[in-house]
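Just protein_13.txt here, compact mmCIF, C-alpha atoms:
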# COMPACT_ATOMS: atom_id res chain seq x y z
CA MET G 21 0.10 -39.11 54.95
CA THR G 22 3.87 -39.35 55.36
CA ASP G 23 6.29 -38.05 52.76
CA SER G 24 8.08 -40.81 50.88
CA VAL G 25 11.51 -40.60 49.27
CA SER G 26 11.72 -37.56 47.00
CA PRO G 27 12.31 -38.26 43.30
CA ALA G 28 15.37 -37.17 41.39
CA PHE G 29 15.16 -34.65 38.57
CA ASP G 30 14.09 -36.29 35.30
CA ARG G 31 16.95 -35.60 32.90
CA SER G 32 14.82 -36.52 29.88
CA TRP G 33 12.71 -33.41 30.51
CA LEU G 34 15.73 -31.11 30.23
CA ALA G 35 15.32 -30.83 26.43
CA HIS G 36 11.97 -29.06 26.92
CA LEU G 37 13.12 -26.54 29.55
CA VAL G 38 14.78 -23.21 28.77
CA CYS G 39 16.02 -20.27 30.81
CA PRO G 40 12.95 -18.09 31.55
CA ARG G 41 15.10 -14.96 31.26
CA ASP G 42 16.66 -15.41 27.82
CA TYR G 43 15.24 -18.79 26.63
CA GLY G 44 18.77 -20.18 26.52
CA VAL G 45 19.62 -23.89 26.66
CA LEU G 46 20.00 -25.33 30.17
CA GLN G 47 22.46 -27.85 31.55
CA LEU G 48 22.27 -29.88 34.74
CA VAL G 49 25.15 -28.76 36.96
CA GLY G 50 25.12 -30.42 40.35
CA ASN G 51 21.65 -29.87 41.80
CA ALA G 52 20.73 -26.92 39.58
CA LEU G 53 19.95 -25.98 35.99
CA VAL G 54 22.33 -23.42 34.50
CA CYS G 55 22.24 -21.59 31.15
CA ASP G 56 25.16 -20.21 29.13
CA ALA G 57 24.59 -16.78 30.71
CA SER G 58 25.13 -18.40 34.15
CA HIS G 59 21.53 -17.99 35.28
CA ARG G 60 21.08 -20.68 37.92
CA TYR G 61 17.88 -22.48 38.93
CA PRO G 62 18.05 -24.82 41.95
CA ILE G 63 16.28 -28.17 42.08
CA VAL G 64 14.34 -29.11 45.23
CA SER G 65 13.05 -32.67 45.62
CA GLY G 66 13.39 -33.19 41.87
CA VAL G 67 11.45 -30.00 41.04
CA PRO G 68 13.29 -27.13 39.27
CA ILE G 69 12.69 -23.67 40.79
CA MET G 70 12.56 -21.44 37.70
CA LEU G 71 11.36 -18.12 39.10
CA ILE G 72 13.03 -14.81 38.22
CA GLY G 73 14.01 -12.98 41.38
CA GLU G 74 14.51 -9.52 39.87
CA VAL G 75 10.95 -9.09 38.55
CA GLU G 76 7.95 -7.99 40.60
CA GLN G 77 6.02 -11.11 41.53
CA THR G 78 2.28 -11.59 40.99
CA ILE G 79 1.96 -13.28 44.41
CA SER G 80 4.11 -13.05 47.52
CA VAL G 81 4.66 -16.81 47.82
CA ALA G 82 6.84 -16.64 44.68
CA ALA G 83 9.46 -14.62 46.56
CA ASP G 84 9.09 -17.00 49.51
CA SER G 85 9.65 -19.96 47.18
CA LEU G 86 12.89 -18.41 45.94
CA LYS G 87 14.12 -17.99 49.50
CA ALA G 88 13.05 -21.50 50.47
CA SER G 89 14.89 -23.05 47.53
CA THR G 90 18.22 -22.11 49.14
CA ARG G 91 17.41 -23.57 52.57
CA GLY G 92 17.36 -27.07 53.93
CA ALA G 93 14.39 -28.82 55.50
CA ASP G 94 15.56 -28.93 59.11
CA ASP G 95 12.20 -28.41 60.81
CA VAL G 96 8.58 -29.33 60.20
CA ALA G 97 7.60 -25.95 58.74
CA GLN G 98 10.40 -26.10 56.17
CA ARG G 99 9.75 -29.75 55.39
CA TRP G 100 6.19 -28.85 54.31
CA GLN G 101 7.38 -25.48 52.89
CA LEU G 102 4.69 -23.65 54.87
CA ALA G 103 6.20 -20.21 54.20
CA THR G 104 5.50 -20.69 50.49
CA LEU G 105 1.75 -21.33 50.90
CA SER G 106 -0.95 -18.65 50.66
CA LEU G 107 -2.56 -19.74 53.92
CA SER G 108 -3.21 -18.24 57.35
CA ASP G 109 -1.06 -19.08 60.35
CA ASP G 110 -3.92 -21.15 61.79
CA GLU G 111 -4.15 -23.14 58.58
CA LYS G 112 -0.40 -23.74 58.58
CA ARG G 113 -0.61 -25.04 62.14
CA GLY G 114 -3.46 -27.26 60.96
CA ILE G 115 -1.20 -28.75 58.27
CA ILE G 116 1.38 -29.71 60.90
CA GLU G 117 -1.32 -31.28 63.10
CA LEU G 118 -2.80 -33.16 60.16
CA ALA G 119 0.63 -34.36 59.03
CA ALA G 120 1.21 -35.86 62.48
CA GLN G 121 -1.90 -38.01 62.02
CA ALA G 122 -0.41 -39.60 58.88
CA GLY G 123 -3.78 -39.84 57.13
CA ALA G 124 -4.54 -40.79 53.54
CA ILE G 125 -4.92 -37.19 52.30
CA ASP G 126 -1.90 -34.94 51.81
CA PRO G 127 -2.15 -32.26 54.54
CA VAL G 128 -1.16 -29.39 52.25
CA ALA G 129 -3.77 -30.35 49.66
CA ALA G 130 -6.35 -30.64 52.46
CA TYR G 131 -5.75 -27.02 53.43
CA LEU G 132 -5.40 -25.62 49.91
CA VAL G 133 -8.72 -27.03 48.72
CA ALA G 134 -10.75 -23.81 49.10
CA ALA G 135 -7.96 -21.70 47.61
CA THR G 136 -8.01 -23.83 44.45
CA ASN G 137 -11.66 -24.94 44.27
CA GLY G 138 -13.42 -21.76 45.41
CA LEU G 139 -15.13 -20.34 48.48
CA MET G 140 -17.97 -22.89 48.35
CA TYR G 141 -15.40 -25.52 49.34
CA LYS G 142 -14.45 -23.83 52.65
CA HIS G 143 -16.26 -26.52 54.63
CA LEU G 144 -13.71 -29.05 53.34
CA ILE G 145 -10.59 -27.25 54.62
CA GLY G 146 -8.65 -29.71 56.78
CA ARG G 147 -11.50 -32.23 56.47
CA LEU G 148 -10.91 -33.59 52.98
CA GLU G 149 -11.58 -37.32 52.70
CA GLN G 150 -10.90 -37.73 48.97
CA TYR G 151 -9.11 -35.69 46.35
CA PRO G 152 -11.61 -33.60 44.33
CA ILE G 153 -10.26 -34.38 40.88
CA PRO G 154 -12.58 -32.78 38.28
CA GLU G 155 -13.41 -33.93 34.78
CA LEU G 156 -11.15 -32.15 32.30
CA PRO G 157 -13.28 -30.17 29.78
CA LEU G 158 -11.13 -31.24 26.84
CA PRO G 159 -11.08 -34.19 24.43
CA PRO G 160 -9.10 -37.33 25.40
CA GLY G 161 -5.38 -36.64 25.48
CA LYS G 162 -4.10 -39.66 23.51
CA GLY G 163 -0.58 -38.91 24.69
CA ARG G 164 -0.60 -35.22 23.77
CA ARG G 165 1.40 -32.93 26.05
CA LEU G 166 -0.55 -30.50 28.28
CA LEU G 167 0.64 -27.65 30.51
CA ASP G 168 -1.46 -26.73 33.56
CA VAL G 169 -0.64 -23.09 34.36
CA GLY G 170 -1.08 -22.32 38.06
CA CYS G 171 -1.48 -25.96 39.07
CA SER G 172 -1.31 -25.49 42.88
CA TRP G 173 -1.63 -28.97 44.47
CA GLY G 174 -2.31 -30.44 41.02
CA ARG G 175 -6.01 -31.24 40.79
CA TRP G 176 -6.29 -30.23 37.09
CA THR G 177 -2.88 -31.73 36.27
CA LEU G 178 -4.13 -35.02 37.69
CA ALA G 179 -7.37 -34.63 35.72
CA ALA G 180 -5.32 -34.19 32.55
CA ALA G 181 -3.23 -37.27 33.30
CA ALA G 182 -6.42 -39.27 33.89
CA ALA G 183 -7.70 -38.06 30.50
CA GLY G 184 -4.63 -39.43 28.74
CA TYR G 185 -2.42 -36.34 28.51
CA GLU G 186 1.28 -36.13 29.25
CA ALA G 187 0.62 -33.55 31.96
CA VAL G 188 2.96 -30.88 33.31
CA GLY G 189 2.05 -28.45 36.10
CA ILE G 190 3.65 -25.10 36.90
CA ASP G 191 3.01 -22.84 39.91
CA PRO G 192 4.97 -20.18 41.84
CA SER G 193 4.35 -21.89 45.21
CA LEU G 194 7.03 -24.43 46.09
CA GLY G 195 4.89 -25.89 48.88
CA ALA G 196 1.91 -26.37 46.56
CA VAL G 197 4.02 -27.94 43.80
CA LEU G 198 5.69 -30.35 46.22
CA ALA G 199 2.21 -31.30 47.45
CA ALA G 200 1.17 -31.89 43.82
CA GLU G 201 4.18 -34.12 43.30
CA ARG G 202 3.38 -36.10 46.48
CA VAL G 203 -0.30 -36.54 45.53
CA ALA G 204 0.65 -37.63 42.00
CA ARG G 205 2.96 -40.30 43.42
CA GLN G 206 0.30 -41.39 45.87
CA VAL G 207 -2.35 -41.91 43.17
CA GLY G 208 0.12 -43.23 40.59
CA ALA G 209 -0.29 -40.39 38.07
CA PRO G 210 2.64 -39.82 35.64
CA THR G 211 2.97 -36.04 35.94
CA ARG G 212 5.80 -33.49 36.05
CA TYR G 213 6.01 -30.18 37.92
CA VAL G 214 7.97 -26.93 37.79
CA VAL G 215 7.97 -23.92 40.10
CA GLY G 216 7.66 -20.92 37.81
CA ASP G 217 5.86 -17.77 36.69
CA ALA G 218 3.04 -17.78 34.11
CA ARG G 219 4.50 -14.57 32.65
CA HIS G 220 7.91 -16.20 32.10
CA LEU G 221 7.24 -19.82 31.16
CA PRO G 222 10.51 -21.81 31.18
CA PHE G 223 9.64 -24.00 28.21
CA ALA G 224 10.89 -24.14 24.63
CA PRO G 225 8.59 -22.86 21.85
CA ALA G 226 5.91 -25.29 20.66
CA THR G 227 6.51 -27.67 23.58
CA PHE G 228 2.81 -28.24 24.28
CA ASP G 229 -0.19 -29.42 22.31
CA THR G 230 -2.55 -27.97 24.92
CA VAL G 231 -2.34 -25.34 27.65
CA PHE G 232 -4.95 -25.27 30.40
CA SER G 233 -5.38 -22.84 33.29
CA TYR G 234 -8.04 -22.47 35.96
CA SER G 235 -8.56 -19.68 38.51
CA VAL G 236 -5.13 -18.14 37.86
CA LEU G 237 -5.02 -15.33 35.28
CA GLN G 238 -8.09 -13.80 36.94
CA HIS G 239 -5.75 -12.57 39.71
CA PHE G 240 -3.37 -10.82 37.29
CA SER G 241 -3.38 -7.17 36.28
CA ARG G 242 -4.46 -6.55 32.68
CA ALA G 243 -0.81 -6.13 31.65
CA ASP G 244 0.34 -9.29 33.45
CA ALA G 245 -2.58 -11.27 32.03
CA GLY G 246 -1.61 -10.14 28.54
CA GLN G 247 1.98 -11.19 29.11
CA ALA G 248 0.88 -14.60 30.40
CA VAL G 249 -1.37 -15.15 27.36
CA ARG G 250 1.54 -14.27 25.05
CA GLN G 251 3.67 -16.86 26.86
CA ILE G 252 0.93 -19.45 26.45
CA GLY G 253 0.93 -18.75 22.73
CA ARG G 254 4.72 -19.07 22.58
CA VAL G 255 4.84 -22.55 24.15
CA LEU G 256 1.90 -23.89 22.10
CA ARG G 257 2.54 -25.69 18.83
CA ASP G 258 0.78 -24.47 15.69
CA GLY G 259 -2.80 -25.74 15.82
CA GLY G 260 -2.53 -26.31 19.57
CA ILE G 261 -5.36 -25.45 21.95
CA ALA G 262 -5.38 -23.09 24.93
CA LYS G 263 -8.27 -23.29 27.37
CA VAL G 264 -8.23 -20.69 30.14
CA GLN G 265 -10.87 -20.03 32.80
CA MET G 266 -11.72 -16.39 33.49
CA PRO G 267 -14.41 -14.55 35.53
CA THR G 268 -16.92 -12.30 33.80
CA ARG G 269 -18.07 -8.80 34.62
CA PHE G 270 -21.79 -9.58 34.51
CA GLY G 271 -22.21 -12.85 36.41
CA VAL G 272 -24.50 -12.61 39.46
CA ARG G 273 -21.85 -13.59 42.00
CA CYS G 274 -19.19 -11.56 40.18
CA LEU G 275 -21.43 -8.47 40.31
CA TYR G 276 -21.84 -9.01 44.05
CA HIS G 277 -18.09 -9.08 44.63
CA GLN G 278 -17.52 -6.05 42.39
CA ALA G 279 -20.19 -4.11 44.28
CA ARG G 280 -18.54 -4.94 47.61
CA ARG G 281 -15.38 -3.16 46.47
CA GLY G 282 -17.20 -0.27 44.80
CA PHE G 283 -16.64 -1.52 41.23
CA ARG G 284 -13.03 -0.38 41.34
CA GLU G 285 -10.30 -2.28 39.48
CA GLY G 286 -8.66 -5.10 41.39
CA ARG G 287 -5.45 -4.58 43.31
CA GLY G 288 -2.71 -7.01 44.19
CA PHE G 289 -4.06 -10.57 44.06
CA GLU G 290 -7.72 -9.52 43.90
CA VAL G 291 -9.83 -10.91 41.07
CA ARG G 292 -10.17 -8.86 37.87
CA TYR G 293 -13.45 -9.17 35.99
CA TRP G 294 -13.58 -9.21 32.18
CA THR G 295 -16.18 -8.67 29.50
CA GLY G 296 -16.58 -11.39 26.91
CA ARG G 297 -15.55 -8.97 24.20
CA ALA G 298 -12.29 -8.07 25.98
CA LEU G 299 -11.43 -11.74 26.51
CA ARG G 300 -12.05 -12.67 22.88
CA GLN G 301 -9.99 -9.70 21.72
CA LEU G 302 -7.02 -10.49 23.97
CA PHE G 303 -6.85 -14.20 23.17
CA SER G 304 -7.68 -13.86 19.46
CA GLN G 305 -5.00 -11.23 18.87
CA THR G 306 -2.40 -13.04 20.98
CA ILE G 307 -2.96 -16.75 20.25
CA GLY G 308 -5.53 -17.20 17.49
CA PRO G 309 -9.25 -17.70 16.84
CA SER G 310 -11.07 -17.78 20.19
CA MET G 311 -14.50 -18.63 21.56
CA LEU G 312 -16.19 -18.53 24.96
CA GLU G 313 -18.04 -21.32 26.70
CA THR G 314 -19.70 -21.47 30.10
CA ASP G 315 -17.84 -22.91 33.08
CA CYS G 316 -20.33 -22.24 35.90
CA TYR G 317 -22.83 -19.85 37.51
CA PHE G 318 -23.20 -18.51 41.08
CA GLY G 319 -19.49 -18.66 41.80
CA ILE G 320 -16.13 -19.80 40.46
CA GLY G 321 -14.85 -23.35 40.74
CA LEU G 322 -18.12 -25.26 40.90
CA GLN G 323 -17.63 -28.66 39.28
CA ALA G 324 -20.36 -31.30 38.86
CA SER G 325 -17.91 -34.04 39.85
CA ASP G 326 -17.62 -32.49 43.34
CA ALA G 327 -21.34 -32.86 44.18
CA PRO G 328 -20.74 -35.77 46.64
CA LEU G 329 -18.43 -33.49 48.67
CA MET G 330 -21.03 -30.75 49.15
CA PRO G 331 -23.81 -30.30 51.71
CA PRO G 332 -27.41 -30.34 50.38
CA MET G 333 -27.72 -26.57 49.97
CA LEU G 334 -24.57 -26.32 47.87
CA GLN G 335 -25.65 -29.34 45.86
CA ARG G 336 -28.79 -27.41 44.89
CA VAL G 337 -26.63 -24.44 43.84
CA LEU G 338 -24.48 -26.78 41.78
CA ARG G 339 -27.52 -28.35 40.08
CA ALA G 340 -28.83 -24.89 39.19
CA SER G 341 -25.43 -23.97 37.76
CA GLU G 342 -25.31 -27.14 35.68
CA ALA G 343 -28.84 -26.52 34.38
CA LEU G 344 -27.94 -23.00 33.25
CA LYS G 345 -24.69 -24.30 31.76
CA ALA G 346 -26.66 -26.77 29.63
CA ALA G 347 -29.11 -24.02 28.65
CA SER G 348 -26.23 -21.76 27.54
CA ARG G 349 -25.31 -24.31 24.87
CA ARG G 350 -28.76 -23.85 23.33
CA CYS G 351 -28.97 -20.13 24.08
CA PRO G 352 -25.47 -18.58 23.72
CA PRO G 353 -26.45 -15.15 25.19
CA LEU G 354 -26.58 -16.88 28.58
CA ILE G 355 -22.80 -17.20 28.40
CA GLY G 356 -22.64 -13.43 28.96
CA VAL G 357 -24.10 -13.74 32.46
CA ALA G 358 -22.10 -16.79 33.56
CA ASP G 359 -19.82 -16.07 36.50
CA SER G 360 -17.01 -18.17 35.07
CA VAL G 361 -16.19 -18.90 31.43
CA PHE G 362 -13.54 -20.72 29.45
CA VAL G 363 -11.73 -18.96 26.64
CA GLN G 364 -10.68 -21.56 24.09
CA SER G 365 -8.13 -20.51 21.49
CA THR G 366 -6.44 -22.27 18.59
CA LYS G 367 -2.80 -21.32 17.97
CA HIS G 368 -2.49 -19.67 14.58
CA THR G 369 0.85 -18.39 13.33

Let me see whether you can do it: turn the structure in this file into structure tokens.
Amino acid sequence: MTDSVSPAFDRSWLAHLVCPRDYGVLQLVGNALVCDASHRYPIVSGVPIMLIGEVEQTISVAADSLKASTRGADDVAQRWQLATLSLSDDEKRGIIELAAQAGAIDPVAAYLVAATNGLMYKHLIGRLEQYPIPELPLPPGKGRRLLDVGCSWGRWTLAAAAAGYEAVGIDPSLGAVLAAERVARQVGAPTRYVVGDARHLPFAPATFDTVFSYSVLQHFSRADAGQAVRQIGRVLRDGGIAKVQMPTRFGVRCLYHQARRGFREGRGFEVRYWTGRALRQLFSQTIGPSMLETDCYFGIGLQASDAPLMPPMLQRVLRASEALKAASRRCPPLIGVADSVFVQSTKHT
């Protein structure tokens, strides 16, 4: 897949963006957004880079994205923004090789697939033949505005657009967001993207009817997760819905991973595991009335729509997960042993 002409920044979206430091009004000055306090946010290929350099980042690619936003794209690595991707050197070389073949699948998305979809998708790395766009677990959008927090290459943002939402994705990785923008153009999805931090969302209050997030806040410390949930509440309108995926402490696969690290608390970008009670308390106190529902068993990221992409053994795992998911609707205690759950909250002032 070759990169087509990059889009210009959509000026109509400026009314919904604010400075993530002080929430001040922004103006378009040259190729950057600037607030009254002179905080400046560059625009790369039509995408505003709204990270805060002076705060400790939740992931190293955020700092790399800030550096990359001040450089040109003089070589292949910079053109694909490889330094801003959480991938190995071998995988980055694979992106360059795949890009040279000019195939139908975006090379960055092809190599990010396991990072976004879960470890059971490792067999698809660099071999993706179709985009694994899941079914959004929300009602039809009917034009409502949705924010996808931690969008990466945009699979859930695209799912939201397909469901009728005005979809916006945000992620700290410039390379992933530019891939999301390319894929959206390729498939004809009307989406917007921002490079930013979930703890400092650069949007005006009550901008969104719905906020969705998958496989993101699980990597945050308890304090950072709390800050991100507060930000989600701030950008939601009254009565709006937040739906956030989180891993549980008592799922079979989650217990396995906790045991491997001696049941210590996560460090850095490692996954943190939550009890259902702690999740309900955090989201209820921060956003509003909250409930849990099952996402999947035996791992994180398993989606029924991806069955055609899986080998027979993993298809059997997926069918077992779906069977338990259906059973959890009739027997709610089963939610407590799911590996992955959604926390759904209704914004209440």

All residues 12 Å or closer to Val214 (chain G), all atoms listed in the file, same chain fewer than 6 positions away omitted, as number ranges by chain: G: 29-30, 33-34, 36-38, 40, 61-71, 85, 167-174, 177, 187-198, 200-201, 221-223

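Coordinates place CA of Glu342 (chain G) at a distance of 10.4 Å from CA of Phe318 (chain G).
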
Among the residues G:Val363, G:Cys274, G:Ile307, G:Ala97, the one that comes closest to Ile252 (chain G) [using all atoms listed in the file]: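 Result for the nearest residue to Ile252 (chain G): G:Ile307.
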
Shell of 9 Å around Gly253 (chain G), only C-alpha atoms, local chain residues under 5 positions omitted, as number ranges by chain: G: 225-226, 231, 248, 260, 262, 306-308, 367-368

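The gap separating CA of Thr268 (chain G) from CA of Arg281 (chain G) is 15.7 Å, in Å to one decimal.
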
Closest of G:Arg202, G:Gly259, G:Leu178, G:Gly138 to Ser360 (chain G) - atom-to-atom distances counting only C-alpha atoms: G:Gly138

Long-range neighbours of Ala358 (chain G) as a list in words, 10 Å cut-off, all atoms listed in the file, 6 positions minimum in chain: Pro267, Thr268, Arg269, Phe270, Gly271, Val272, Arg273, Cys274, Glu313, Thr314, Asp315, Cys316, Tyr317, Phe318, Gly319, Ile320, Ser341, Leu344, Lys345 and Ser348 of chain G

Radius query 12 Å about (-17.3, -32.0, 24.8), atoms used: only C-alpha atoms, as a list in words: Glu155, Leu156, Pro157, Leu158, Pro159, Pro160, Glu313, Ala346 and Arg349 of chain G

Nearest-residue call for Gly184 (chain G), choices G:Met333, G:Ala122, G:Ala209, G:Ala343, using only C-alpha atoms: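 Using only C-alpha atoms, Gly184 (chain G) sits closest to G:Ala209.
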
Distance query region 108-114 of chain G at most 9 Å, all atoms listed in the file, self and fewer than 6 positions along chain excluded, as a PyMOL selection string: chain G and resi 97+102+127-128+131+145-146

Selection near Tyr293 (chain G), 12 Å with all atoms listed in the file, sequence-local residues under 3 positions removed, as number ranges by chain: G: 235, 237-242, 245, 265-271, 273-279, 283-287, 290, 296-299, 320, 358-361

Regenerate region 70-102 of chain G at the level of N, CA and C atoms and dump it as a CSV table (one decimal), in the frame of the given file.
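Result saved to out07.csv:
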chain,number,residue,atom,x,y,z
G,70,MET,N,12.2,-22.2,38.8
G,70,MET,CA,12.6,-21.4,37.7
G,70,MET,C,11.9,-20.1,37.7
G,71,LEU,N,11.9,-19.5,38.9
G,71,LEU,CA,11.4,-18.1,39.1
G,71,LEU,C,12.5,-17.1,38.8
G,72,ILE,N,12.1,-15.9,38.5
G,72,ILE,CA,13.0,-14.8,38.2
G,72,ILE,C,13.0,-13.8,39.4
G,73,GLY,N,14.0,-13.8,40.1
G,73,GLY,CA,14.0,-13.0,41.4
G,73,GLY,C,13.9,-11.5,41.2
G,74,GLU,N,14.4,-11.0,40.1
G,74,GLU,CA,14.5,-9.5,39.9
G,74,GLU,C,13.2,-8.9,39.3
G,75,VAL,N,12.2,-9.7,39.0
G,75,VAL,CA,11.0,-9.1,38.6
G,75,VAL,C,10.0,-9.0,39.7
G,76,GLU,N,9.0,-8.1,39.6
G,76,GLU,CA,8.0,-8.0,40.6
G,76,GLU,C,7.0,-9.2,40.5
G,77,GLN,N,6.8,-9.9,41.6
G,77,GLN,CA,6.0,-11.1,41.5
G,77,GLN,C,4.5,-10.8,41.6
G,78,THR,N,3.7,-11.7,41.0
G,78,THR,CA,2.3,-11.6,41.0
G,78,THR,C,1.7,-12.0,42.3
G,79,ILE,N,2.4,-12.8,43.1
G,79,ILE,CA,2.0,-13.3,44.4
G,79,ILE,C,3.2,-13.4,45.3
G,80,SER,N,3.0,-13.1,46.6
G,80,SER,CA,4.1,-13.0,47.5
G,80,SER,C,4.8,-14.4,47.7
G,81,VAL,N,4.0,-15.5,47.6
G,81,VAL,CA,4.7,-16.8,47.8
G,81,VAL,C,5.7,-17.1,46.8
G,82,ALA,N,5.8,-16.4,45.7
G,82,ALA,CA,6.8,-16.6,44.7
G,82,ALA,C,8.2,-16.2,45.3
G,83,ALA,N,8.2,-15.1,45.9
G,83,ALA,CA,9.5,-14.6,46.6
G,83,ALA,C,9.8,-15.6,47.7
G,84,ASP,N,8.8,-16.1,48.4
G,84,ASP,CA,9.1,-17.0,49.5
G,84,ASP,C,9.6,-18.3,49.0
G,85,SER,N,9.2,-18.7,47.8
G,85,SER,CA,9.6,-20.0,47.2
G,85,SER,C,11.1,-19.8,46.8
G,86,LEU,N,11.5,-18.6,46.3
G,86,LEU,CA,12.9,-18.4,45.9
G,86,LEU,C,13.8,-18.5,47.2
G,87,LYS,N,13.3,-17.9,48.3
G,87,LYS,CA,14.1,-18.0,49.5
G,87,LYS,C,14.2,-19.4,50.0
G,88,ALA,N,13.1,-20.1,50.0
G,88,ALA,CA,13.0,-21.5,50.5
G,88,ALA,C,13.9,-22.5,49.7
G,89,SER,N,14.1,-22.1,48.4
G,89,SER,CA,14.9,-23.0,47.5
G,89,SER,C,16.4,-23.1,47.9
G,90,THR,N,16.8,-22.1,48.7
G,90,THR,CA,18.2,-22.1,49.1
G,90,THR,C,18.4,-22.7,50.5
G,91,ARG,N,17.3,-23.1,51.2
G,91,ARG,CA,17.4,-23.6,52.6
G,91,ARG,C,17.2,-25.1,52.6
G,92,GLY,N,17.6,-25.7,53.7
G,92,GLY,CA,17.4,-27.1,53.9
G,92,GLY,C,16.0,-27.3,54.5
G,93,ALA,N,15.7,-28.5,54.9
G,93,ALA,CA,14.4,-28.8,55.5
G,93,ALA,C,14.6,-29.4,56.9
G,94,ASP,N,15.1,-28.5,57.8
G,94,ASP,CA,15.6,-28.9,59.1
G,94,ASP,C,14.4,-29.0,60.1
G,95,ASP,N,13.3,-28.3,59.9
G,95,ASP,CA,12.2,-28.4,60.8
G,95,ASP,C,10.9,-28.7,60.1
G,96,VAL,N,9.8,-28.9,60.8
G,96,VAL,CA,8.6,-29.3,60.2
G,96,VAL,C,8.1,-28.3,59.2
G,97,ALA,N,8.1,-27.0,59.6
G,97,ALA,CA,7.6,-26.0,58.7
G,97,ALA,C,8.3,-25.9,57.4
G,98,GLN,N,9.6,-26.1,57.4
G,98,GLN,CA,10.4,-26.1,56.2
G,98,GLN,C,10.2,-27.4,55.4
G,99,ARG,N,10.0,-28.5,56.1
G,99,ARG,CA,9.8,-29.8,55.4
G,99,ARG,C,8.5,-29.7,54.5
G,100,TRP,N,7.4,-29.0,55.1
G,100,TRP,CA,6.2,-28.8,54.3
G,100,TRP,C,6.1,-27.5,53.5
G,101,GLN,N,7.3,-26.8,53.6
G,101,GLN,CA,7.4,-25.5,52.9
G,101,GLN,C,6.2,-24.6,53.2
G,102,LEU,N,5.9,-24.4,54.5
G,102,LEU,CA,4.7,-23.6,54.9
G,102,LEU,C,4.8,-22.2,54.5
